[in-house]
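J.: You'll find input-v4.cif just under this line, and it carries mmCIF, C-alpha atoms.
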data_target
#
loop_
_atom_site.label_atom_id
_atom_site.label_comp_id
_atom_site.auth_asym_id
_atom_site.auth_seq_id
_atom_site.Cartn_x
_atom_site.Cartn_y
_atom_site.Cartn_z
CA MET A 1 -56.42 -18.80 -27.67
CA ASP A 2 -56.48 -17.43 -24.13
CA PHE A 3 -53.77 -14.72 -23.77
CA ASN A 4 -54.04 -14.71 -19.96
CA LYS A 5 -53.14 -18.41 -19.90
CA ILE A 6 -50.10 -17.78 -22.16
CA ASN A 7 -48.90 -14.88 -19.98
CA ARG A 8 -49.24 -16.99 -16.82
CA LEU A 9 -47.21 -19.81 -18.44
CA SER A 10 -44.51 -17.35 -19.59
CA ILE A 11 -44.26 -15.78 -16.13
CA ALA A 12 -44.06 -19.20 -14.47
CA THR A 13 -41.32 -20.31 -16.91
CA ALA A 14 -39.33 -17.12 -16.32
CA PHE A 15 -39.71 -17.50 -12.56
CA ARG A 16 -38.44 -21.12 -12.69
CA ARG A 17 -35.40 -20.08 -14.76
CA CYS A 18 -34.54 -17.24 -12.35
CA PHE A 19 -34.97 -19.60 -9.38
CA LEU A 20 -32.67 -22.22 -10.93
CA LEU A 21 -30.05 -19.57 -11.77
CA ALA A 22 -30.19 -18.15 -8.24
CA ALA A 23 -29.89 -21.64 -6.73
CA PHE A 24 -26.92 -22.44 -8.98
CA LEU A 25 -25.12 -19.21 -8.00
CA PHE A 26 -25.95 -19.73 -4.32
CA PHE A 27 -24.23 -23.13 -4.27
CA LEU A 28 -21.39 -22.20 -6.65
CA VAL A 29 -20.14 -18.99 -4.99
CA PRO A 30 -19.71 -20.30 -1.41
CA GLY A 31 -17.66 -23.22 -2.72
CA THR A 32 -15.15 -20.94 -4.40
CA SER A 33 -14.94 -18.56 -1.44
CA ARG A 34 -13.60 -21.35 0.81
CA SER A 35 -10.36 -21.58 -1.15
CA GLN A 36 -7.10 -21.14 0.75
CA ILE A 37 -4.60 -18.31 0.33
CA ASN A 38 -1.25 -19.56 -0.95
CA VAL A 39 1.79 -17.75 0.43
CA ASN A 40 4.36 -17.42 -2.34
CA TRP A 41 7.08 -15.93 -0.14
CA LYS A 42 7.64 -14.45 3.29
CA ASN A 43 10.42 -12.14 4.42
CA CYS A 44 11.23 -10.31 7.67
CA PHE A 45 13.28 -7.11 7.91
CA LYS A 46 14.99 -5.36 10.83
CA ALA A 47 17.06 -2.18 10.72
CA SER A 48 19.24 -3.67 13.48
CA LEU A 49 18.96 -6.26 16.24
CA ASN A 50 17.39 -3.78 18.71
CA SER A 51 15.19 -1.84 16.31
CA ALA A 52 11.42 -1.76 16.10
CA ASN A 53 9.78 -1.31 12.72
CA ARG A 54 6.30 -0.30 11.65
CA ALA A 55 5.11 -0.71 8.08
CA VAL A 56 3.37 2.41 6.80
CA CYS A 57 2.41 1.37 3.28
CA ALA A 58 3.42 -0.75 0.30
CA ARG A 59 3.17 -0.08 -3.43
CA LEU A 60 4.06 -1.90 -6.66
CA ASP A 61 6.24 -0.30 -9.32
CA VAL A 62 5.91 -0.78 -13.09
CA GLN A 63 7.96 -4.04 -12.99
CA HIS A 64 5.78 -5.37 -10.12
CA ASN A 65 8.54 -4.95 -7.54
CA LEU A 66 7.23 -4.28 -4.05
CA ILE A 67 8.24 -1.00 -2.42
CA MET A 68 7.68 -0.88 1.35
CA LEU A 69 7.75 2.27 3.48
CA LEU A 70 8.57 1.75 7.14
CA TYR A 71 9.14 3.78 10.27
CA THR A 72 12.09 2.38 12.21
CA TRP A 73 13.56 3.39 15.55
CA LEU A 74 16.00 2.19 18.16
CA PRO A 75 15.17 2.27 21.88
CA ASP A 76 16.19 5.63 23.43
CA SER A 77 16.80 7.06 19.97
CA SER A 78 14.99 8.94 17.22
CA GLY A 79 12.97 7.38 14.44
CA ASP A 80 14.00 7.24 10.81
CA ILE A 81 12.41 6.45 7.48
CA MET A 82 13.24 3.08 5.90
CA VAL A 83 12.44 2.14 2.28
CA ILE A 84 12.76 -1.43 1.02
CA LYS A 85 12.48 -2.67 -2.56
CA LEU A 86 11.73 -6.37 -3.13
CA SER A 87 11.52 -8.38 -6.33
CA PRO A 88 8.26 -10.15 -7.23
CA GLN A 89 9.90 -13.33 -5.84
CA GLY A 90 10.54 -11.62 -2.47
CA SER A 91 14.30 -11.11 -2.64
CA LEU A 92 15.79 -7.83 -1.41
CA ILE A 93 16.84 -5.46 -4.21
CA TRP A 94 17.84 -2.53 -1.97
CA GLN A 95 17.18 -0.95 1.40
CA ARG A 96 17.58 2.76 2.23
CA PHE A 97 17.31 4.95 5.34
CA TYR A 98 16.61 8.65 5.78
CA ASP A 99 17.72 10.58 8.86
CA GLY A 100 16.84 14.28 8.63
CA PRO A 101 19.19 17.18 9.33
CA GLY A 102 17.92 17.54 12.91
CA HIS A 103 18.73 13.85 13.67
CA THR A 104 15.38 13.58 15.46
CA ASP A 105 12.15 11.82 14.53
CA ASP A 106 11.51 11.51 10.81
CA VAL A 107 8.06 10.00 10.44
CA PRO A 108 6.71 8.76 7.05
CA THR A 109 2.97 8.99 6.34
CA ASP A 110 2.51 8.00 2.69
CA MET A 111 4.30 6.97 -0.51
CA THR A 112 3.59 6.72 -4.22
CA VAL A 113 5.49 5.41 -7.24
CA ASP A 114 5.29 7.43 -10.46
CA ARG A 115 5.34 6.06 -14.01
CA TYR A 116 9.15 6.40 -14.12
CA ASN A 117 9.46 4.26 -10.94
CA ASN A 118 10.53 7.26 -8.86
CA ILE A 119 9.44 6.84 -5.26
CA TRP A 120 7.85 9.86 -3.58
CA ILE A 121 7.53 9.88 0.20
CA CYS A 122 5.84 12.41 2.44
CA GLY A 123 6.00 12.71 6.19
CA THR A 124 7.28 14.97 8.91
CA SER A 125 10.77 15.82 10.06
CA VAL A 126 12.31 18.16 12.57
CA THR A 127 14.49 20.76 10.85
CA LYS A 128 17.80 22.18 12.09
CA ASN A 129 15.97 25.05 13.81
CA GLY A 130 13.67 22.62 15.68
CA ASP A 131 10.47 23.05 13.66
CA LYS A 132 8.36 20.03 12.77
CA ASP A 133 7.79 20.51 9.04
CA ILE A 134 6.41 18.58 6.08
CA LEU A 135 9.02 16.41 4.41
CA LEU A 136 8.93 15.39 0.75
CA LEU A 137 11.51 12.84 -0.42
CA LYS A 138 12.21 11.41 -3.85
CA PHE A 139 14.17 8.24 -4.51
CA SER A 140 15.10 7.00 -7.96
CA ASP A 141 14.31 3.48 -9.17
CA GLU A 142 17.76 2.41 -7.93
CA GLY A 143 17.16 3.90 -4.47
CA VAL A 144 19.29 7.00 -4.93
CA PRO A 145 17.86 9.98 -3.03
CA SER A 146 17.43 12.73 -5.61
CA ALA A 147 15.41 15.34 -3.72
CA GLY A 148 14.44 16.26 -0.21
CA SER A 149 12.40 19.33 0.62
CA PHE A 150 10.84 20.83 3.72
CA PHE A 151 7.60 22.78 3.69
CA GLY A 152 6.07 24.53 6.62
CA LEU A 153 4.15 27.40 8.02
CA PRO A 154 5.74 30.02 10.29
CA ASP A 155 8.29 28.88 12.89
CA GLY A 156 6.97 27.11 15.93
CA LEU A 157 3.97 25.48 14.25
CA GLN A 158 3.78 21.75 13.61
CA ASP A 159 3.03 20.86 10.01
CA GLU A 160 2.03 17.43 8.78
CA ALA A 161 1.49 15.78 5.37
CA LEU A 162 -1.11 13.03 5.20
CA SER A 163 -0.87 11.89 1.59
CA VAL A 164 1.22 12.22 -1.55
#
Could you render the structure as structure tokens?
T.:
Amino acid sequence: MDFNKINRLSIATAFRRCFLLAAFLFFLVPGTSRSQINVNWKNCFKASLNSANRAVCARLDVQHNLIMLLYTWLPDSSGDIMVIKLSPQGSLIWQRFYDGPGHTDDVPTDMTVDRYNNIWICGTSVTKNGDKDILLLKFSDEGVPSAGSFFGLPDGLQDEALSV
């Protein structure tokens, strides 16, 4: 028996199988990628009628509730931090605001949710003495503020947290 002939037949069979598999995947994958996105719910939030809001980030807690971190401000006023908790169905569970001791701009930059559903927020805030320092906030699962700390370098320098 000619081994070269057997090897050529085996290679040709393997090539045909790979070609058929590639053709099948080529026609199958584009068909599934054309599927539409289904919107389960939609909700809009405003701090007040004249406020402007900017979403910073969103995270899911252990129960799959959506926690949203926003920066909200009124015209001719200072900005504040707004935290919203929504159920998986999109209904509002609670909404909280943070206005720092300086009553000036409090700007959120990031948020995380720990395994106990505590919400940790970092950002910047102007302290009572006018310094722009790093702000670290903690809210409980029910939205109760349980800690707020400022961190900063020497007076007069602007400090900023990028992630928590």
J.: Skip range 50-62 of chain A itself and residues of its chain fewer than 3 positions away, then list as a ChimeraX atom specification all residues within 6 Å of it, counting only C-alpha atoms.
T.: /A:47,65-74,117
J.: Tell me, in Å to one decimal, how far CA of Ser87 in chain A is from CA of Gln63 in chain A.
T.: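 One can read the CA of Ser87 in chain A to CA of Gln63 in chain A distance as 8.7 Å.
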J.: List the residues matched by the PyMOL selection byres ((chain A and resi 92) around 12) in the displayed structure as a list in words, ordered by chain and then by residue number.
T.: Trp41, Lys42, Asn43, Cys44, Phe45, Asn65, Leu66, Ile67, Met68, Val83, Ile84, Lys85, Leu86, Ser87, Pro88, Gln89, Gly90, Ser91, Ile93, Trp94, Gln95 and Arg96 of chain A
J.: Keeping only C-alpha atoms, write those residues as an mmCIF file, in the coordinates of the input.
T.:
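For reference, out.cif as written:
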data_model
loop_
_atom_site.group_PDB
_atom_site.id
_atom_site.type_symbol
_atom_site.label_atom_id
_atom_site.label_comp_id
_atom_site.auth_asym_id
_atom_site.auth_seq_id
_atom_site.Cartn_x
_atom_site.Cartn_y
_atom_site.Cartn_z
ATOM 1 C CA TRP A 41 7.080 -15.930 -0.140
ATOM 2 C CA LYS A 42 7.640 -14.450 3.290
ATOM 3 C CA ASN A 43 10.420 -12.140 4.420
ATOM 4 C CA CYS A 44 11.230 -10.310 7.670
ATOM 5 C CA PHE A 45 13.280 -7.110 7.910
ATOM 6 C CA ASN A 65 8.540 -4.950 -7.540
ATOM 7 C CA LEU A 66 7.230 -4.280 -4.050
ATOM 8 C CA ILE A 67 8.240 -1.000 -2.420
ATOM 9 C CA MET A 68 7.680 -0.880 1.350
ATOM 10 C CA VAL A 83 12.440 2.140 2.280
ATOM 11 C CA ILE A 84 12.760 -1.430 1.020
ATOM 12 C CA LYS A 85 12.480 -2.670 -2.560
ATOM 13 C CA LEU A 86 11.730 -6.370 -3.130
ATOM 14 C CA SER A 87 11.520 -8.380 -6.330
ATOM 15 C CA PRO A 88 8.260 -10.150 -7.230
ATOM 16 C CA GLN A 89 9.900 -13.330 -5.840
ATOM 17 C CA GLY A 90 10.540 -11.620 -2.470
ATOM 18 C CA SER A 91 14.300 -11.110 -2.640
ATOM 19 C CA ILE A 93 16.840 -5.460 -4.210
ATOM 20 C CA TRP A 94 17.840 -2.530 -1.970
ATOM 21 C CA GLN A 95 17.180 -0.950 1.400
ATOM 22 C CA ARG A 96 17.580 2.760 2.230
#
J.: Give me, please, the distance in Å between CA of Gly79 in chain A and CA of Val164 in chain A, quoted to one decimal.
T.: 20.4 Å
J.: When you count only C-alpha atoms, which of these residues is closest to Val113 in chain A: A:Leu137, A:Ile81, A:Ala161, A:Ala14?
T.: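 Once distances to Val113 in chain A are computed over only C-alpha atoms, the minimum belongs to A:Leu137.
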J.: One decimal, in Å: what's the spacing between CA of Gly100 in chain A and CA of Tyr116 in chain A?
T.: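 Separation between CA of Gly100 in chain A and CA of Tyr116 in chain A: 25.3 Å.
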J.: Compare A:Ser78, A:Asn40, A:Ser149, A:Ser140 by their minimum atom-to-atom distance to Val107 in chain A, counting all atoms listed in the file, and give me the closest one.
T.: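 Smallest distance to Val107 in chain A is found for A:Ser78.
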J.: Check the smallest atom-to-atom distance from each of A:Ser163, A:Asn38, A:Ser146, A:Asn129 to Thr109 in chain A using all atoms listed in the file, then report the winner.
T.: A:Ser163
